[in-house]
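Worksheet: the structure to be examined is printed underneath.
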Amino acid sequence: MRPFLYDRAASTESAPRAFDGLKEASLIQGRAPAEYLAGGTTLLDLMKLDVMQPARVVDITPLEPQHGSIAISDAGLRLGALVKMSTAADHPAVIKTYPVLAQSLTLAASAQLRNMATLGGNLLQRTRCNYFRDTSWSACNKRNPGSGCAALDGLNRQHAILGASQDCIATYPGDFAQALMALDATLDIAGPSGSRTIPIATLHKPPGSTPHIETTLAPGELITALSIPAGPWTRRSLYLKIRDRQSYEFALASAAIALHLDGDTVKDVRIALGGVASVPWRARDAEASLIGKPLNEATATAAARMAFVGSAPRTHNAYKVTLGQKTVVRALLQAATLEG
Amino acid sequence: MPKDRDDTRPDSVSRRRFLGATASTAALPLMGAAAASQASAQALPPPDPQAPLDMRLTVNGEAYRLGLDVRTTLLDAMRDHIGLTGSKKGCDHGQCGACTVLVDGRRTLACLTLAVAVQDRAVTTIEGLARADGPLHPMQQAFVDHDAFQCGYCTPGQIMSAIGCVKEGHADTDDAIREYMSGNICRCAAYPNIVAAVRQAKTQMEG
């Protein structure tokens, strides 16, 4: 790990200042001027691997009193960005009213990691692409812009079949962001030029020709809260995660479903996919195909096919098309059996 | 490894000398107050990220004052500088669970925790569970009773994690124990015995 300067954030307003005009950072070429530290489960890991090399680390844990609480009202759920994954996952009202959120958190990582990692940090966790994490591979456009992508013709069993580009096929590794996508969450963001609120769907950027730019956050911007609107689809919601082993593993395919049924007829449905795409992926065409129809094996299968139209498998990940479709079918049919 | 600091500066402590000193000393007085305060200093001279920082850690109820490189993890601070080697280094990347300790009562991976970031927290390790002249913690006794280890390397992490698992209320069924203990890898595969041990200790801890 490279040396860095350590600061503890005094306030949400002052924290972003660590990112501007950092003269001493320019002493070390090519290093990010600063990174925020919360749970540290991604940052410390990648600093040890020399994948991330911040010149300054700003510990935002002191901001927990302002951004560390959970509030539920008739209008919806508000989660502070510094709430730990385990705290949100074990919250009785979250489990009852927003099961897809609780399940996506419980099925992620390990108990220790969930005790450490925060909700805001979880959204920003970096890909598990081995060519990104292993610096002995020189070609990684995400780590070293313009160097190429070793995964394109490498071992790409874990890689994305949706939303990838010729410059990067890394998979977005998380689970929670998909649940937030399905529920149309918004994010409060504080930054050097004030605060703003954005839909979760606009946080992550598809790789395109700039895979190193992963989000729409400006330097110094900090996610402070996550808001999830109430709706008739939140109770009948679930997260189905398919992986190589039953616990403590990243998704090969996953689906976050939120369903509003009127009798047997679909009034509204949200489908977000994980494990298969370069960013948290909303399958809007598949959703639209179900509106006004009964939810059964035939309609679910048709929707699942639609969700993977345009997928672009490589040598080792073509199985994800079938696996992803079956995951969507099973998740939809399971959701239909839940109480609304 | 980055190069040593310039040793000629009056306020500096060379990295080599510093490491040599810490290796033989359990707890250090503050080394180089000027250097230590530089992490948050905005004024000239520019702060040196390699200057040792004055840190205070509380482990098993004991307060320690250490002069440590900012990069030092809680795990390395305990093992290499305090002398508490019960917590083990397995993968050093948060994947194996061997370094699990309790921080303010929550199970935490010491290898992914910066020592400097937990100065105001209470850390509990395997060494802090029982007094030298007292009985074992029920979880320690249960691991002995059920032969819940072979080589023993993962055991301190397993036991600390298992205590967290019970306290969190995630040890009600064998399936729950397996799920909520999945962050602790045992290469000897003593898993069935670990589940049995957690089940036994849960009854005693809650009884």
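Letters A, B, ... go to the chains of the structure tokens in the order shown; residues in each chain start at 1; ligands are counted from 1 in the same order.
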
Within 7 Å of Ile200 of chain A, counting only C-alpha atoms, which residues qualify if same-chain residues fewer than 3 places away don't, as a list in words?
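What passes the distance filter is Leu180, Met181, Asp184, Ala185, Thr186, Leu187 and Leu203 of chain A.
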
Considering only C-alpha atoms, extract the chain B residues located within 10 Å of chain A and return them as a VMD selection string.
chain B and resid 1 to 2 38 to 41 46 to 51 53 69 to 73 92 to 97 100 to 103 106 to 114 116 to 118 161 164 to 165 168 to 170 178 to 184

Segment 79-312 of chain A: residues DSSP assigns to alpha helix (DSSP H), reported as number ranges by chain
A: 85-89, 92-97, 99-106, 111-116, 119-123, 130-133, 176-182, 284-290, 297-307

List the neighbours of Leu238 of chain A out to 9 Å using only C-alpha atoms; skip same-chain residues closer than 3 positions along the sequence, and give me the result as a list in words.
Tyr98, Pro99, Val100, Leu101, Ala102, Gln103, Ser104, Ala179, Thr234, Arg235, Ala255, Ala256, Ile257, Ala258, Ala331, Leu332, Gln334 and Ala335 of chain A

Got a sec: who's within 12 Å of Val166 of chain B, counting only C-alpha atoms, leaving out chain neighbours fewer than 3 positions off, as a tab-separated table (two decimals) with N, CA, C and O atoms, in the first residue's frame?
chain	number	residue	atom	x	y	z
A	111	ALA	N	-21.08	-11.68	6.94
A	111	ALA	CA	-21.61	-10.92	8.08
A	111	ALA	C	-20.63	-9.84	8.51
A	111	ALA	O	-21.04	-8.72	8.84
B	105	GLY	N	-18.25	-4.19	19.90
B	105	GLY	CA	-19.17	-5.33	20.00
B	105	GLY	C	-19.59	-5.92	18.67
B	105	GLY	O	-20.26	-6.96	18.64
B	106	ARG	N	-19.23	-5.28	17.55
B	106	ARG	CA	-19.62	-5.81	16.22
B	106	ARG	C	-18.45	-6.54	15.59
B	106	ARG	O	-17.32	-6.04	15.62
B	107	ARG	N	-18.74	-7.70	15.03
B	107	ARG	CA	-17.62	-8.44	14.42
B	107	ARG	C	-17.14	-7.70	13.17
B	107	ARG	O	-17.93	-7.29	12.33
B	138	PRO	N	-17.89	-19.30	27.07
B	138	PRO	CA	-18.70	-20.45	26.61
B	138	PRO	C	-18.41	-20.84	25.16
B	138	PRO	O	-18.48	-22.03	24.81
B	139	MET	N	-18.10	-19.86	24.30
B	139	MET	CA	-17.83	-20.19	22.90
B	139	MET	C	-16.49	-20.91	22.78
B	139	MET	O	-16.36	-21.88	22.01
B	159	ILE	N	-14.20	-18.11	16.48
B	159	ILE	CA	-14.81	-17.90	17.80
B	159	ILE	C	-15.32	-16.47	17.94
B	159	ILE	O	-16.45	-16.23	18.41
B	160	MET	N	-14.52	-15.49	17.50
B	160	MET	CA	-14.98	-14.10	17.60
B	160	MET	C	-16.20	-13.88	16.71
B	160	MET	O	-17.15	-13.19	17.10
B	161	SER	N	-16.18	-14.47	15.53
B	161	SER	CA	-17.31	-14.34	14.62
B	161	SER	C	-18.55	-15.01	15.20
B	161	SER	O	-19.67	-14.49	15.11
B	162	ALA	N	-18.35	-16.18	15.81
B	162	ALA	CA	-19.47	-16.93	16.37
B	162	ALA	C	-20.12	-16.15	17.52
B	162	ALA	O	-21.35	-16.16	17.67
B	163	ILE	N	-19.31	-15.47	18.31
B	163	ILE	CA	-19.87	-14.65	19.40
B	163	ILE	C	-20.72	-13.53	18.80
B	163	ILE	O	-21.84	-13.26	19.25
B	169	GLY	N	-28.27	-12.37	16.97
B	169	GLY	CA	-29.52	-13.11	16.86
B	169	GLY	C	-29.62	-13.92	15.58
B	169	GLY	O	-30.72	-14.19	15.09
B	170	HIS	N	-28.47	-14.32	15.02
B	170	HIS	CA	-28.48	-15.07	13.77
B	170	HIS	C	-28.04	-16.52	13.97
B	170	HIS	O	-27.49	-17.13	13.06
B	171	ALA	N	-28.28	-17.07	15.18
B	171	ALA	CA	-27.85	-18.44	15.45
B	171	ALA	C	-29.02	-19.31	15.88
B	171	ALA	O	-28.86	-20.28	16.61
B	172	ASP	N	-30.21	-18.98	15.40
B	172	ASP	CA	-31.40	-19.71	15.84
B	172	ASP	C	-31.51	-21.10	15.24
B	172	ASP	O	-32.08	-22.00	15.84
B	173	THR	N	-31.02	-21.26	14.01
B	173	THR	CA	-31.08	-22.57	13.35
B	173	THR	C	-29.71	-22.91	12.78
B	173	THR	O	-28.86	-22.03	12.62
B	174	ASP	N	-29.51	-24.18	12.46
B	174	ASP	CA	-28.25	-24.58	11.84
B	174	ASP	C	-28.04	-23.86	10.52
B	174	ASP	O	-26.92	-23.45	10.19
B	176	ALA	N	-29.15	-20.91	9.71
B	176	ALA	CA	-28.78	-19.52	9.98
B	176	ALA	C	-27.32	-19.44	10.41
B	176	ALA	O	-26.58	-18.55	9.99
B	177	ILE	N	-26.88	-20.39	11.23
B	177	ILE	CA	-25.48	-20.40	11.67
B	177	ILE	C	-24.56	-20.54	10.47
B	177	ILE	O	-23.58	-19.82	10.32
B	180	TYR	N	-24.67	-17.21	8.42
B	180	TYR	CA	-24.07	-16.04	9.06
B	180	TYR	C	-22.63	-16.30	9.55
B	180	TYR	O	-21.99	-15.40	10.07
B	181	MET	N	-22.15	-17.51	9.39
B	181	MET	CA	-20.74	-17.81	9.66
B	181	MET	C	-19.97	-18.04	8.35
B	181	MET	O	-18.82	-18.48	8.37
B	195	VAL	N	-20.66	-25.67	13.70
B	195	VAL	CA	-22.10	-25.42	13.85
B	195	VAL	C	-22.57	-25.96	15.20
B	195	VAL	O	-23.31	-25.29	15.94
B	197	ALA	N	-20.81	-26.42	17.87
B	197	ALA	CA	-20.24	-25.61	18.95
B	197	ALA	C	-21.02	-24.31	19.13
B	197	ALA	O	-21.32	-23.90	20.25
B	198	VAL	N	-21.37	-23.66	18.01
B	198	VAL	CA	-22.11	-22.40	18.10
B	198	VAL	C	-23.48	-22.65	18.74
B	198	VAL	O	-23.94	-21.87	19.58
B	199	ARG	N	-24.10	-23.77	18.35
B	199	ARG	CA	-25.41	-24.10	18.92
B	199	ARG	C	-25.31	-24.28	20.44
B	199	ARG	O	-26.13	-23.75	21.19
B	200	GLN	N	-24.30	-24.99	20.88
B	200	GLN	CA	-24.13	-25.21	22.33
B	200	GLN	C	-23.87	-23.89	23.05
B	200	GLN	O	-24.51	-23.58	24.07
B	201	ALA	N	-22.95	-23.09	22.52
B	201	ALA	CA	-22.59	-21.85	23.20
B	201	ALA	C	-23.76	-20.87	23.23
B	201	ALA	O	-23.93	-20.11	24.19
B	202	LYS	N	-24.57	-20.89	22.18
B	202	LYS	CA	-25.72	-19.99	22.13
B	202	LYS	C	-26.63	-20.23	23.33
B	202	LYS	O	-27.06	-19.28	24.00
B	203	THR	N	-26.90	-21.49	23.62
B	203	THR	CA	-27.74	-21.83	24.76
B	203	THR	C	-27.15	-21.28	26.05
B	203	THR	O	-27.86	-20.71	26.88
B	204	GLN	N	-25.82	-21.45	26.20
B	204	GLN	CA	-25.19	-21.00	27.44
B	204	GLN	C	-25.11	-19.47	27.51
B	204	GLN	O	-25.30	-18.87	28.57
B	205	MET	N	-24.82	-18.84	26.36
B	205	MET	CA	-24.69	-17.38	26.37
B	205	MET	C	-26.02	-16.71	26.65
B	205	MET	O	-26.08	-15.63	27.23
B	206	GLU	N	-27.11	-17.36	26.20
B	206	GLU	CA	-28.42	-16.74	26.37
B	206	GLU	C	-29.12	-17.26	27.62
B	206	GLU	O	-30.16	-16.73	28.01

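Between atom CA of Ser311 of chain A and atom CA of Pro145 of chain A there is a distance of 24.6 Å.
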
List every residue of segment 7-96 of chain A that DSSP, applied to the backbone of this structure, places in strand (DSSP E), and write the result as a compact mmCIF listing (two decimals) with all heavy atoms, in the first residue's frame.
# COMPACT_ATOMS: atom_id res chain seq x y z
N ASP A 7 -7.25 12.04 6.86
CA ASP A 7 -8.04 13.10 7.49
C ASP A 7 -9.35 12.52 7.99
O ASP A 7 -9.90 11.60 7.38
CB ASP A 7 -8.40 14.19 6.47
CG ASP A 7 -7.25 15.12 6.21
OD1 ASP A 7 -6.53 15.45 7.16
OD2 ASP A 7 -7.08 15.52 5.05
N ARG A 8 -9.83 13.09 9.07
CA ARG A 8 -11.19 12.76 9.50
C ARG A 8 -12.09 13.93 9.13
O ARG A 8 -11.79 15.08 9.45
CB ARG A 8 -11.23 12.52 11.01
CG ARG A 8 -10.54 11.22 11.40
CD ARG A 8 -10.42 11.06 12.90
NE ARG A 8 -11.67 10.74 13.55
CZ ARG A 8 -12.23 9.52 13.55
NH1 ARG A 8 -11.63 8.54 12.92
NH2 ARG A 8 -13.35 9.29 14.16
N ALA A 34 -7.72 12.11 -3.84
CA ALA A 34 -8.33 11.73 -2.56
C ALA A 34 -9.43 10.70 -2.78
O ALA A 34 -9.99 10.60 -3.87
CB ALA A 34 -8.89 12.95 -1.85
N GLU A 35 -9.70 9.94 -1.75
CA GLU A 35 -10.86 9.03 -1.73
C GLU A 35 -11.50 9.15 -0.36
O GLU A 35 -10.82 9.34 0.65
CB GLU A 35 -10.43 7.56 -1.95
CG GLU A 35 -9.84 7.26 -3.31
CD GLU A 35 -10.86 7.20 -4.43
OE1 GLU A 35 -12.07 7.22 -4.14
OE2 GLU A 35 -10.43 7.14 -5.60
N TYR A 36 -12.82 8.99 -0.34
CA TYR A 36 -13.52 8.89 0.93
C TYR A 36 -13.37 7.49 1.49
O TYR A 36 -13.42 6.50 0.75
CB TYR A 36 -15.01 9.20 0.75
CG TYR A 36 -15.32 10.66 0.48
CD1 TYR A 36 -16.01 11.05 -0.65
CD2 TYR A 36 -14.92 11.64 1.39
CE1 TYR A 36 -16.31 12.39 -0.88
CE2 TYR A 36 -15.21 12.98 1.16
CZ TYR A 36 -15.89 13.34 0.03
OH TYR A 36 -16.18 14.66 -0.20
N LEU A 37 -13.22 7.41 2.80
CA LEU A 37 -13.16 6.12 3.49
C LEU A 37 -14.37 6.00 4.42
O LEU A 37 -14.58 6.86 5.27
CB LEU A 37 -11.88 6.02 4.33
CG LEU A 37 -11.77 4.83 5.30
CD1 LEU A 37 -11.58 3.53 4.54
CD2 LEU A 37 -10.63 5.03 6.28
N ARG A 56 -4.64 11.01 -0.61
CA ARG A 56 -5.26 11.43 0.65
C ARG A 56 -6.50 10.57 0.88
O ARG A 56 -7.22 10.26 -0.07
CB ARG A 56 -5.65 12.90 0.58
CG ARG A 56 -6.23 13.47 1.86
CD ARG A 56 -6.63 14.93 1.68
NE ARG A 56 -5.51 15.85 1.58
CZ ARG A 56 -5.09 16.64 2.57
NH1 ARG A 56 -5.71 16.64 3.73
NH2 ARG A 56 -4.07 17.43 2.40
N VAL A 57 -6.74 10.19 2.12
CA VAL A 57 -7.92 9.42 2.47
C VAL A 57 -8.72 10.23 3.49
O VAL A 57 -8.17 10.64 4.52
CB VAL A 57 -7.53 8.04 3.05
CG1 VAL A 57 -8.74 7.37 3.68
CG2 VAL A 57 -6.94 7.16 1.95
N VAL A 58 -9.97 10.49 3.17
CA VAL A 58 -10.82 11.29 4.04
C VAL A 58 -11.83 10.36 4.71
O VAL A 58 -12.74 9.84 4.06
CB VAL A 58 -11.56 12.39 3.26
CG1 VAL A 58 -12.38 13.25 4.20
CG2 VAL A 58 -10.57 13.23 2.46
N ASP A 59 -11.64 10.13 5.99
CA ASP A 59 -12.50 9.23 6.76
C ASP A 59 -13.81 9.95 7.08
O ASP A 59 -13.82 10.95 7.80
CB ASP A 59 -11.77 8.82 8.05
CG ASP A 59 -12.50 7.74 8.83
OD1 ASP A 59 -13.68 7.47 8.52
OD2 ASP A 59 -11.88 7.17 9.75
N ILE A 70 -32.06 5.52 9.93
CA ILE A 70 -33.11 4.97 9.06
C ILE A 70 -34.43 5.58 9.48
O ILE A 70 -34.76 5.58 10.67
CB ILE A 70 -33.17 3.43 9.20
CG1 ILE A 70 -31.85 2.79 8.74
CG2 ILE A 70 -34.36 2.86 8.41
CD1 ILE A 70 -31.79 1.29 8.93
N ALA A 71 -35.19 6.11 8.52
CA ALA A 71 -36.50 6.69 8.83
C ALA A 71 -37.54 6.11 7.87
O ALA A 71 -37.32 6.09 6.66
CB ALA A 71 -36.45 8.20 8.71
N ILE A 72 -38.66 5.66 8.44
CA ILE A 72 -39.75 5.13 7.62
C ILE A 72 -40.98 6.00 7.84
O ILE A 72 -41.32 6.33 8.97
CB ILE A 72 -40.06 3.66 8.00
CG1 ILE A 72 -38.89 2.77 7.56
CG2 ILE A 72 -41.36 3.20 7.35
CD1 ILE A 72 -39.27 1.35 7.26
N SER A 73 -41.61 6.39 6.74
CA SER A 73 -42.86 7.16 6.84
C SER A 73 -43.82 6.63 5.79
O SER A 73 -43.47 5.74 5.01
CB SER A 73 -42.58 8.65 6.61
OG SER A 73 -42.25 8.85 5.25
N GLY A 76 -42.34 6.84 2.35
CA GLY A 76 -41.29 5.92 1.93
C GLY A 76 -40.22 5.73 2.99
O GLY A 76 -40.44 5.98 4.18
N LEU A 77 -39.08 5.31 2.51
CA LEU A 77 -37.98 4.93 3.39
C LEU A 77 -36.80 5.85 3.09
O LEU A 77 -36.51 6.13 1.92
CB LEU A 77 -37.62 3.47 3.08
CG LEU A 77 -36.39 2.84 3.72
CD1 LEU A 77 -36.56 2.73 5.22
CD2 LEU A 77 -36.17 1.45 3.11
N ARG A 78 -36.16 6.29 4.14
CA ARG A 78 -34.97 7.12 3.95
C ARG A 78 -33.82 6.50 4.72
O ARG A 78 -33.89 6.30 5.94
CB ARG A 78 -35.25 8.54 4.43
CG ARG A 78 -34.16 9.53 4.02
CD ARG A 78 -34.62 10.96 4.34
NE ARG A 78 -33.48 11.86 4.31
CZ ARG A 78 -32.98 12.38 3.19
NH1 ARG A 78 -33.53 12.08 2.04
NH2 ARG A 78 -31.93 13.20 3.23
N LEU A 79 -32.77 6.18 3.98
CA LEU A 79 -31.61 5.51 4.58
C LEU A 79 -30.41 6.43 4.52
O LEU A 79 -30.04 6.90 3.42
CB LEU A 79 -31.28 4.22 3.80
CG LEU A 79 -32.38 3.18 3.67
CD1 LEU A 79 -32.02 2.14 2.60
CD2 LEU A 79 -32.61 2.49 5.01
N GLY A 80 -29.79 6.71 5.66
CA GLY A 80 -28.55 7.47 5.64
C GLY A 80 -27.48 6.67 4.92
O GLY A 80 -27.43 5.45 5.02

Can you tell me which residues surround segment 215-223 of chain A at a distance of at most 6 Å, considering only C-alpha atoms, apart from same-chain residues fewer than 2 positions away, and format the answer as a CSV table (one decimal) with N, CA, C and O atoms, in the first residue's frame?
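Dumped everything to around-v2.csv:
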chain,number,residue,atom,x,y,z
A,16,PRO,N,-15.6,17.7,1.1
A,16,PRO,CA,-15.1,17.7,-0.3
A,16,PRO,C,-13.9,18.6,-0.5
A,16,PRO,O,-13.3,18.5,-1.5
A,19,PHE,N,-10.6,17.5,-1.8
A,19,PHE,CA,-10.4,17.1,-3.2
A,19,PHE,C,-9.9,18.2,-4.1
A,19,PHE,O,-9.5,18.0,-5.2
A,120,GLY,N,-23.9,3.7,1.2
A,120,GLY,CA,-23.4,4.6,0.1
A,120,GLY,C,-22.1,3.9,-0.5
A,120,GLY,O,-22.0,3.9,-1.7
A,188,ASP,N,-29.4,11.5,-2.4
A,188,ASP,CA,-29.0,12.8,-2.0
A,188,ASP,C,-27.4,12.9,-2.1
A,188,ASP,O,-26.8,12.0,-1.5
A,189,ILE,N,-26.9,13.9,-2.7
A,189,ILE,CA,-25.5,14.0,-2.9
A,189,ILE,C,-25.0,15.4,-2.5
A,189,ILE,O,-25.6,16.4,-2.9
A,190,ALA,N,-24.0,15.4,-1.7
A,190,ALA,CA,-23.4,16.7,-1.2
A,190,ALA,C,-22.1,16.8,-2.0
A,190,ALA,O,-21.4,15.8,-2.3
A,191,GLY,N,-21.7,18.0,-2.3
A,191,GLY,CA,-20.5,18.2,-3.0
A,191,GLY,C,-19.9,19.6,-2.9
A,191,GLY,O,-20.5,20.5,-2.3
A,203,LEU,N,-26.8,7.0,-11.6
A,203,LEU,CA,-25.5,7.1,-10.9
A,203,LEU,C,-24.4,6.4,-11.6
A,203,LEU,O,-23.3,6.9,-11.8
A,204,HIS,N,-24.7,5.2,-12.1
A,204,HIS,CA,-23.6,4.4,-12.7
A,204,HIS,C,-23.6,4.6,-14.2
A,204,HIS,O,-24.6,4.7,-14.9
A,205,LYS,N,-22.4,4.8,-14.8
A,205,LYS,CA,-22.2,5.0,-16.2
A,205,LYS,C,-21.8,3.7,-16.9
A,205,LYS,O,-20.9,3.1,-16.5
A,213,ILE,N,-14.4,5.9,-16.0
A,213,ILE,CA,-15.4,6.8,-15.4
A,213,ILE,C,-16.6,6.0,-15.1
A,213,ILE,O,-17.4,5.6,-15.9
